[in-house]
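Enquirer: This is the structure I have questions about; it appears just below.
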Amino acid sequence: MDIIVCIKRVPQTAEAKVEIESSGKDIVKDRLTFDMNESDMYALEEAVLLKEKFGGTIIAISLSCSDAEDTLRIALAKGADTAIRIKAEDFDELDGYKTAQLLSAVIKDIHFDVIFTGCIATDDAYSQIGATLAELLGIPHATLLTNIEVIDSISHVHRELEGGLQEHIEISIPALFTIQTGINVPRYASLIAIRRAAGKEIKLVGQNEISKDQLLLNTQIEELFIPPVAKQVKIITGSPGEVSKELAGIIREKGLI
Amino acid sequence: MNLIKFNNEQKLIQTEIRNFAAAELVPKVDEIEKKGVFPTDIINKLSDLGVLSLTIPEKYGGAGLDATSLCTTAEELSKVCASVGTILVVNNCMVAFPIMKYAEESQKVYYLDKISRGEIGAYICDPEIDLSEKKIRIKISDDNCLISGNRDFVLNGEAANFYVMPVLLSNGKAFYLLEKGLAGITIRKTEVLGVRPAGIVSLNFKETELEDEFCFVVEDNGEKALIEIRDYSNIGFSAVLIGIAQAALSDSIKYSKEREQFRRSICNFPMIQEMIAEMKVKIEAGRFLVYDAAAKYDNGLDYSLASRIARFYCGEIAVFSGIKAVQIFGGYGYTKDYPVERYLRDAKTLQLLEAVPYELKLNIAKELLK
């Protein structure tokens, strides 16, 4: 089974102080650390599990700057056979649609049975790439997978829905699936695999291979801002009876009960 | 600007081990420390990644990595749990290293493969063999060679399947490889101040047979080899100490921002800032020394002086950072509710383990006064 995994390198902002850069359209990234997008790690692991079961190859693709080659090398160390970096530096401003067009331009010439992406990127949280890429390639897709089994070219997948519901659907391959976190336990790369991956060649694709003419942006960031934190504290004083009466009144007034 | 330049491979290893430490070690460290026993589960996971055989050449089943990668790995793991860092340094620097360097080919194939498959080896580093209460007695006859006596400070001993034991004999035989199950060996766990889960034990030998098949002969009756093992392991232990110091600093920064006194965070107090600044300056300097010594080893240069300087300085600053962190945490600093008291205990123990500061200073001076 030939599998393509789309991988994004994202800043780790959970414990970092996030600041807006002077353009007002991006965050300051100098002091942030970067790593593979969380759900992409699960997508990669799912690809490796399928490869272990059925054989075949895994290609990891990332539209990113050169720093992201480290992320692709980790993908190689974890089980991808080859890696392609689409040179983000060649394609100016990017959004979800343009990213999907660029991925599609590269993937359309490659044989594949399945494409995996993460279900959401932790930096912009658009969740656009999977569905848009499937449409551009003209293949079926399913999002938010929590389980996948492939039997005779039919993939049986479980999707996570609201309210704890699971949906079971069947999709013939080739198809694209976006992977939910928790579907598997991503492995760590062994040191020897990292050592081998460190020296592997990463194929580069840029403006010489993909024409910029047909690429469209359909969103534009107007402003990125940190919402103001408003402190609304009311100190209620008085006897316990008076305090509880006033508190009950406020709760009722706010419609909380 | 960062003057320490890691290559691609070293950077990737650092990141992956950091991720492993955050996801696998952080949730377990309190339990590991509370139990104080060898952390077999986490060590097995690290072994699967090749960490315990990191420096062993690929042809013997290891990852074939350099001393710099050993240091990044030890530092990242030791930021969370110095005992885990210590175990990996012992396995690579004190067990695998002498075998790689001095053993016969058949012994290399047998023992390095064992380590690469996840077995723990121990190093018997106690040099005090002349003390009467643990005098090593060796009986050599035509048929066999029997050893009796006591050896303390056996690193990794709690979980080891075999021991690397220096026994410097006048006939040139210097190192013996002993299997755990050999007749006449009893093990007693040593209660220690810090790195309690690192599995330090005492071994007692009662007419244990040393077999020639598991002996290797080195030049100068082993004295030079002992120094070389110590110099090489100094690099690894320095990285563990830097990891402890960095953890003490990181926790101090976080706590001082959160902890309020007199209606403001204590990080606003100049004396807290002074302690944080001093820790940072020393850690940066120490880290340079660690990776300078590692780079010297990796490039085939003389690394002995650099490794002693790194070990001496990193021991000092890890203890310094541990003390300052306990101070910044105030009353909570000496409770088990926070890890800073552990950083101090681990730092002090590792400052004295295998190479005490006065001896390091003496050796540094000797080298300069040659």
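Ligands are numbered from 1 in the order shown, residues from 1 within each chain, and chains are lettered A, B, ... in the order they appear in the structure tokens.
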Please list as an NGL selection string every residue within 12 Å of B:Arg259, counting only C-alpha atoms and excluding residues in the same chain fewer than 6 positions away.

Expert: :B and (251-253 or 265-269 or 272 or 328-330 or 332)

Enquirer: Atoms to include: N, CA, C and O atoms. Write the selected residues as a compact mmCIF listing (two decimals), in the first residue's frame.

Expert:
```txt
# COMPACT_ATOMS: atom_id res chain seq x y z
N ASP B 251 12.94 25.66 36.92
CA ASP B 251 11.91 25.63 37.97
C ASP B 251 11.93 26.90 38.81
O ASP B 251 10.88 27.39 39.23
N SER B 252 13.12 27.44 39.02
CA SER B 252 13.23 28.68 39.81
C SER B 252 12.58 29.85 39.09
O SER B 252 11.89 30.67 39.71
N ILE B 253 12.80 29.93 37.79
CA ILE B 253 12.19 31.02 37.00
C ILE B 253 10.67 30.91 37.07
O ILE B 253 9.97 31.88 37.35
N SER B 265 4.99 39.30 42.46
CA SER B 265 5.75 38.06 42.24
C SER B 265 7.15 38.24 42.79
O SER B 265 7.76 39.31 42.64
N ILE B 266 7.69 37.15 43.38
CA ILE B 266 9.02 37.28 43.99
C ILE B 266 10.12 37.49 42.95
O ILE B 266 11.22 37.88 43.28
N CYS B 267 9.79 37.24 41.66
CA CYS B 267 10.80 37.48 40.62
C CYS B 267 11.15 38.97 40.50
O CYS B 267 12.13 39.33 39.87
N ASN B 268 10.31 39.81 41.10
CA ASN B 268 10.61 41.25 41.06
C ASN B 268 11.65 41.66 42.09
O ASN B 268 12.13 42.79 42.06
N PHE B 269 11.96 40.77 43.02
CA PHE B 269 12.94 41.13 44.05
C PHE B 269 14.37 40.97 43.51
O PHE B 269 14.72 39.90 42.96
N ILE B 272 16.35 37.76 44.25
CA ILE B 272 15.92 36.59 43.47
C ILE B 272 16.53 36.69 42.07
O ILE B 272 17.05 35.73 41.52
N ILE B 328 15.27 29.91 46.58
CA ILE B 328 14.20 30.67 45.90
C ILE B 328 12.83 30.09 46.28
O ILE B 328 11.86 30.82 46.45
N PHE B 329 12.76 28.79 46.43
CA PHE B 329 11.48 28.16 46.79
C PHE B 329 11.15 28.36 48.27
O PHE B 329 10.05 28.02 48.71
N GLY B 330 12.11 28.87 49.03
CA GLY B 330 11.86 29.16 50.44
C GLY B 330 11.50 27.89 51.19
O GLY B 330 12.11 26.84 50.99
N TYR B 332 9.12 25.89 50.88
CA TYR B 332 8.73 24.76 50.02
C TYR B 332 9.94 24.07 49.39
O TYR B 332 9.84 22.96 48.91
```

Enquirer: Which residues, written as an MDAnalysis selection string, have at least one atom at most 9 Å from B:Val89, with only C-alpha atoms counted and residues fewer than 6 positions away on the same chain left out?

Expert: chainID B and resid 52 70:71 74 233 236:237 240

Enquirer: Keeping C-alpha atoms for every residue in the selection just given, could you write it to a file as a PDB file, in the first residue's frame?

Expert:
```pdb
ATOM      1  CA  LEU B  52      21.626   2.386  26.474  1.00  0.00           C
ATOM      2  CA  LEU B  70      25.546  11.044  24.379  1.00  0.00           C
ATOM      3  CA  CYS B  71      25.711  14.420  26.143  1.00  0.00           C
ATOM      4  CA  ALA B  74      22.042  12.658  29.042  1.00  0.00           C
ATOM      5  CA  SER B 233      32.701   9.146  31.865  1.00  0.00           C
ATOM      6  CA  GLY B 236      28.813  12.066  30.354  1.00  0.00           C
ATOM      7  CA  PHE B 237      28.446  12.914  34.049  1.00  0.00           C
ATOM      8  CA  VAL B 240      23.953  14.948  33.652  1.00  0.00           C
TER       9      VAL B 240
END
```

Enquirer: Env of A:Asp2: 9 Å cut, atoms = only C-alpha atoms, seq-sep filter 4 positions within chain, self excluded. Answer as an NGL selection string.

Expert: :A and (51 or 55-59 or 111-115)

Enquirer: Output C-alpha atoms for every residue in the selection just made, as a PDB file, in the first residue's frame.

Expert:
```
ATOM      1  CA  LYS A  51       2.776  -0.211   5.836  1.00  0.00           C
ATOM      2  CA  GLY A  55       3.921  -3.419   2.781  1.00  0.00           C
ATOM      3  CA  GLY A  56       4.360  -0.551   0.316  1.00  0.00           C
ATOM      4  CA  THR A  57       5.898   2.871   0.744  1.00  0.00           C
ATOM      5  CA  ILE A  58       5.320   6.072   2.673  1.00  0.00           C
ATOM      6  CA  ILE A  59       6.082   9.517   1.302  1.00  0.00           C
ATOM      7  CA  HIS A 111       0.953   6.896  -7.232  1.00  0.00           C
ATOM      8  CA  PHE A 112      -0.851   6.482  -3.923  1.00  0.00           C
ATOM      9  CA  ASP A 113      -3.565   4.400  -2.318  1.00  0.00           C
ATOM     10  CA  VAL A 114      -4.163   6.524   0.741  1.00  0.00           C
ATOM     11  CA  ILE A 115      -3.352  10.072   1.816  1.00  0.00           C
TER      12      ILE A 115
END
```

Enquirer: What residues in chain A have any atom no more than 12 Å from chain B when counting only C-alpha atoms, and can you write them as number ranges by chain?

Expert: A: 12, 15-16, 33-36, 38, 67-78, 185-200

Enquirer: For the atom pair atom CA of B:Val195 and atom CA of B:Val340, what is the interatomic distance in Å to one decimal place?

Expert: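 Atom-to-atom, atom CA of B:Val195 and atom CA of B:Val340 are spaced 13.3 Å apart.
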
Enquirer: Identify, on the basis of only C-alpha atoms, every residue whose closest approach to stretch 127-141 of chain A does not exceed 8 Å; exclude the query and any residue fewer than 3 positions from it along the same chain; express the result as a count of residues only.

Expert: 22

Enquirer: Write down as a PyMOL selection string the residues belonging to stretch 136-330 of chain B that are assigned helix (DSSP H, G or I) by DSSP computed on the backbone.

Expert: chain B and resi 196-198+212-214+219-258+266-268+270-298+304-330

Enquirer: Just C-alpha atoms for this one: save the residues we selected as an mmCIF file, in the first residue's frame.

Expert:
```
data_model
loop_
_atom_site.group_PDB
_atom_site.id
_atom_site.type_symbol
_atom_site.label_atom_id
_atom_site.label_comp_id
_atom_site.auth_asym_id
_atom_site.auth_seq_id
_atom_site.Cartn_x
_atom_site.Cartn_y
_atom_site.Cartn_z
ATOM 1 C CA ARG B 196 18.607 6.841 44.566
ATOM 2 C CA PRO B 197 16.905 5.041 41.646
ATOM 3 C CA ALA B 198 20.229 4.708 39.805
ATOM 4 C CA ASP B 212 40.350 -16.168 31.946
ATOM 5 C CA GLU B 213 37.835 -16.402 29.120
ATOM 6 C CA PHE B 214 36.145 -13.293 30.523
ATOM 7 C CA GLU B 219 48.711 -1.963 28.805
ATOM 8 C CA ASP B 220 50.301 -0.554 31.980
ATOM 9 C CA ASN B 221 48.458 -3.088 34.133
ATOM 10 C CA GLY B 222 45.248 -1.160 33.667
ATOM 11 C CA GLU B 223 46.166 2.130 35.331
ATOM 12 C CA LYS B 224 45.960 4.042 32.060
ATOM 13 C CA ALA B 225 42.691 2.354 31.168
ATOM 14 C CA LEU B 226 41.139 3.308 34.502
ATOM 15 C CA ILE B 227 42.077 6.943 33.899
ATOM 16 C CA GLU B 228 40.682 6.825 30.390
ATOM 17 C CA ILE B 229 37.364 5.345 31.564
ATOM 18 C CA ARG B 230 37.151 8.029 34.204
ATOM 19 C CA ASP B 231 37.974 10.837 31.759
ATOM 20 C CA TYR B 232 35.410 9.600 29.250
ATOM 21 C CA SER B 233 32.701 9.146 31.865
ATOM 22 C CA ASN B 234 33.469 12.631 33.186
ATOM 23 C CA ILE B 235 32.075 13.986 29.914
ATOM 24 C CA GLY B 236 28.813 12.066 30.354
ATOM 25 C CA PHE B 237 28.446 12.914 34.049
ATOM 26 C CA SER B 238 29.071 16.599 33.256
ATOM 27 C CA ALA B 239 26.083 16.508 30.912
ATOM 28 C CA VAL B 240 23.953 14.948 33.652
ATOM 29 C CA LEU B 241 25.050 17.704 36.047
ATOM 30 C CA ILE B 242 24.221 20.429 33.499
ATOM 31 C CA GLY B 243 20.786 18.852 33.103
ATOM 32 C CA ILE B 244 20.216 19.076 36.879
ATOM 33 C CA ALA B 245 21.431 22.690 36.993
ATOM 34 C CA GLN B 246 19.175 23.648 34.087
ATOM 35 C CA ALA B 247 16.173 22.011 35.754
ATOM 36 C CA ALA B 248 16.917 23.953 38.945
ATOM 37 C CA LEU B 249 17.083 27.203 36.958
ATOM 38 C CA SER B 250 13.931 26.528 34.882
ATOM 39 C CA ASP B 251 11.915 25.626 37.970
ATOM 40 C CA SER B 252 13.233 28.676 39.812
ATOM 41 C CA ILE B 253 12.192 31.015 37.003
ATOM 42 C CA LYS B 254 8.705 29.496 36.816
ATOM 43 C CA TYR B 255 8.175 29.468 40.580
ATOM 44 C CA SER B 256 9.477 32.991 41.112
ATOM 45 C CA LYS B 257 6.982 34.305 38.565
ATOM 46 C CA GLU B 258 4.077 32.495 40.199
ATOM 47 C CA ILE B 266 9.020 37.284 43.992
ATOM 48 C CA CYS B 267 10.803 37.476 40.621
ATOM 49 C CA ASN B 268 10.607 41.248 41.060
ATOM 50 C CA PRO B 270 16.540 41.959 43.111
ATOM 51 C CA MET B 271 18.004 39.190 45.303
ATOM 52 C CA ILE B 272 15.924 36.586 43.465
ATOM 53 C CA GLN B 273 17.012 38.108 40.155
ATOM 54 C CA GLU B 274 20.628 37.952 41.264
ATOM 55 C CA MET B 275 20.360 34.249 42.034
ATOM 56 C CA ILE B 276 18.677 33.534 38.699
ATOM 57 C CA ALA B 277 21.280 35.553 36.796
ATOM 58 C CA GLU B 278 24.171 33.799 38.553
ATOM 59 C CA MET B 279 22.706 30.389 37.832
ATOM 60 C CA LYS B 280 22.223 31.249 34.159
ATOM 61 C CA VAL B 281 25.766 32.576 33.685
ATOM 62 C CA LYS B 282 27.308 29.497 35.300
ATOM 63 C CA ILE B 283 25.103 27.065 33.375
ATOM 64 C CA GLU B 284 25.960 28.665 30.036
ATOM 65 C CA ALA B 285 29.662 28.447 30.861
ATOM 66 C CA GLY B 286 29.305 24.860 32.073
ATOM 67 C CA ARG B 287 27.439 23.806 28.958
ATOM 68 C CA PHE B 288 30.275 25.121 26.796
ATOM 69 C CA LEU B 289 32.742 23.048 28.805
ATOM 70 C CA VAL B 290 30.635 19.885 28.431
ATOM 71 C CA TYR B 291 30.238 20.156 24.680
ATOM 72 C CA ASP B 292 33.822 21.310 24.215
ATOM 73 C CA ALA B 293 35.060 18.155 25.955
ATOM 74 C CA ALA B 294 32.635 16.017 23.912
ATOM 75 C CA ALA B 295 33.737 17.677 20.651
ATOM 76 C CA LYS B 296 37.386 17.068 21.537
ATOM 77 C CA TYR B 297 36.653 13.365 22.068
ATOM 78 C CA ASP B 298 34.610 13.160 18.856
ATOM 79 C CA SER B 304 41.328 14.384 29.350
ATOM 80 C CA LEU B 305 41.978 17.914 30.668
ATOM 81 C CA ALA B 306 38.756 19.253 29.103
ATOM 82 C CA SER B 307 36.706 16.418 30.602
ATOM 83 C CA ARG B 308 38.121 16.997 34.104
ATOM 84 C CA ILE B 309 37.523 20.742 33.867
ATOM 85 C CA ALA B 310 33.939 20.123 32.690
ATOM 86 C CA ARG B 311 33.257 17.584 35.449
ATOM 87 C CA PHE B 312 34.720 19.776 38.172
ATOM 88 C CA TYR B 313 32.898 22.922 37.068
ATOM 89 C CA CYS B 314 29.557 21.251 36.332
ATOM 90 C CA GLY B 315 29.645 19.564 39.741
ATOM 91 C CA GLU B 316 30.151 22.946 41.372
ATOM 92 C CA ILE B 317 27.406 24.692 39.436
ATOM 93 C CA ALA B 318 24.865 21.880 39.804
ATOM 94 C CA VAL B 319 25.268 22.047 43.588
ATOM 95 C CA PHE B 320 25.220 25.867 43.407
ATOM 96 C CA SER B 321 22.029 25.843 41.318
ATOM 97 C CA GLY B 322 20.417 23.274 43.615
ATOM 98 C CA ILE B 323 21.142 25.432 46.672
ATOM 99 C CA LYS B 324 19.867 28.591 44.978
ATOM 100 C CA ALA B 325 16.718 26.844 43.762
ATOM 101 C CA VAL B 326 15.955 25.587 47.276
ATOM 102 C CA GLN B 327 16.543 29.141 48.502
ATOM 103 C CA ILE B 328 14.203 30.665 45.905
ATOM 104 C CA PHE B 329 11.480 28.156 46.787
ATOM 105 C CA GLY B 330 11.864 29.155 50.438
#
```

Enquirer: As a PyMOL selection string, please: every residue in stretch 96-185 of chain A that a backbone DSSP assignment puts in strand (DSSP E or B).

Expert: chain A and resi 114-118+141-151+154-160+166-172+175-179

Enquirer: Would you kindly return, as a PyMOL selection string, each protein, DNA or RNA residue with an atom no farther than 10 Å from any atom of stretch 164-178 of chain B, considering only C-alpha atoms and excluding same-chain residues fewer than 6 positions away?

Expert: chain B and resi 94-96+98-99+102-103+107+111+121-127+129+136+138+147+151+154+185+208-223+225-226

Enquirer: Could you write out the selected residues, including C-alpha atoms, as a PDB file, in the first residue's frame?

Expert:
```pdb
ATOM      1  CA  MET B  94      31.808   2.733  32.089  1.00  0.00           C
ATOM      2  CA  VAL B  95      30.473  -0.574  30.800  1.00  0.00           C
ATOM      3  CA  ALA B  96      30.414  -0.414  26.989  1.00  0.00           C
ATOM      4  CA  PRO B  98      36.083  -0.386  28.281  1.00  0.00           C
ATOM      5  CA  ILE B  99      34.700  -3.375  26.396  1.00  0.00           C
ATOM      6  CA  TYR B 102      40.084  -3.070  25.369  1.00  0.00           C
ATOM      7  CA  ALA B 103      38.181  -6.369  25.193  1.00  0.00           C
ATOM      8  CA  GLN B 107      34.057 -10.620  24.202  1.00  0.00           C
ATOM      9  CA  TYR B 111      28.821  -8.348  25.612  1.00  0.00           C
ATOM     10  CA  GLY B 121      25.838  -3.735  32.793  1.00  0.00           C
ATOM     11  CA  ALA B 122      27.411  -2.490  36.011  1.00  0.00           C
ATOM     12  CA  TYR B 123      30.780  -0.927  36.636  1.00  0.00           C
ATOM     13  CA  ILE B 124      32.625  -1.610  39.848  1.00  0.00           C
ATOM     14  CA  CYS B 125      34.333   1.697  40.360  1.00  0.00           C
ATOM     15  CA  ASP B 126      35.421   1.391  43.985  1.00  0.00           C
ATOM     16  CA  PRO B 127      39.179   1.906  43.903  1.00  0.00           C
ATOM     17  CA  ILE B 129      40.676  -2.113  47.490  1.00  0.00           C
ATOM     18  CA  ILE B 136      40.152  -7.970  47.972  1.00  0.00           C
ATOM     19  CA  ILE B 138      42.837 -13.154  45.211  1.00  0.00           C
ATOM     20  CA  ILE B 147      38.327 -13.622  44.544  1.00  0.00           C
ATOM     21  CA  ARG B 151      33.421  -3.675  46.561  1.00  0.00           C
ATOM     22  CA  VAL B 154      28.763  -0.560  41.984  1.00  0.00           C
ATOM     23  CA  ILE B 185      28.353 -13.021  44.759  1.00  0.00           C
ATOM     24  CA  THR B 208      34.066 -16.204  43.237  1.00  0.00           C
ATOM     25  CA  GLU B 209      35.922 -17.681  40.300  1.00  0.00           C
ATOM     26  CA  LEU B 210      37.423 -15.260  37.802  1.00  0.00           C
ATOM     27  CA  GLU B 211      37.594 -16.954  34.432  1.00  0.00           C
ATOM     28  CA  ASP B 212      40.350 -16.168  31.946  1.00  0.00           C
ATOM     29  CA  GLU B 213      37.835 -16.402  29.120  1.00  0.00           C
ATOM     30  CA  PHE B 214      36.145 -13.293  30.523  1.00  0.00           C
ATOM     31  CA  CYS B 215      39.264 -11.318  31.259  1.00  0.00           C
ATOM     32  CA  PHE B 216      40.960  -8.682  29.153  1.00  0.00           C
ATOM     33  CA  VAL B 217      44.533  -7.563  29.389  1.00  0.00           C
ATOM     34  CA  VAL B 218      45.483  -3.915  28.900  1.00  0.00           C
ATOM     35  CA  GLU B 219      48.711  -1.963  28.805  1.00  0.00           C
ATOM     36  CA  ASP B 220      50.301  -0.554  31.980  1.00  0.00           C
ATOM     37  CA  ASN B 221      48.458  -3.088  34.133  1.00  0.00           C
ATOM     38  CA  GLY B 222      45.248  -1.160  33.667  1.00  0.00           C
ATOM     39  CA  GLU B 223      46.166   2.130  35.331  1.00  0.00           C
ATOM     40  CA  ALA B 225      42.691   2.354  31.168  1.00  0.00           C
ATOM     41  CA  LEU B 226      41.139   3.308  34.502  1.00  0.00           C
TER      42      LEU B 226
END
```

Enquirer: Out of A:Phe225, A:Arg159, A:Ala125, A:Thr146, which residue has the shortest atom-to-atom distance to A:Asp26 when counting only C-alpha atoms?

Expert: A:Phe225

Enquirer: Under the rule that only C-alpha atoms are counted, which of A:Pro228, A:Leu204, A:Val28, A:Val10 is the nearest residue to A:Thr82?

Expert: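 The shortest atom-to-atom distance to A:Thr82 comes from A:Leu204.
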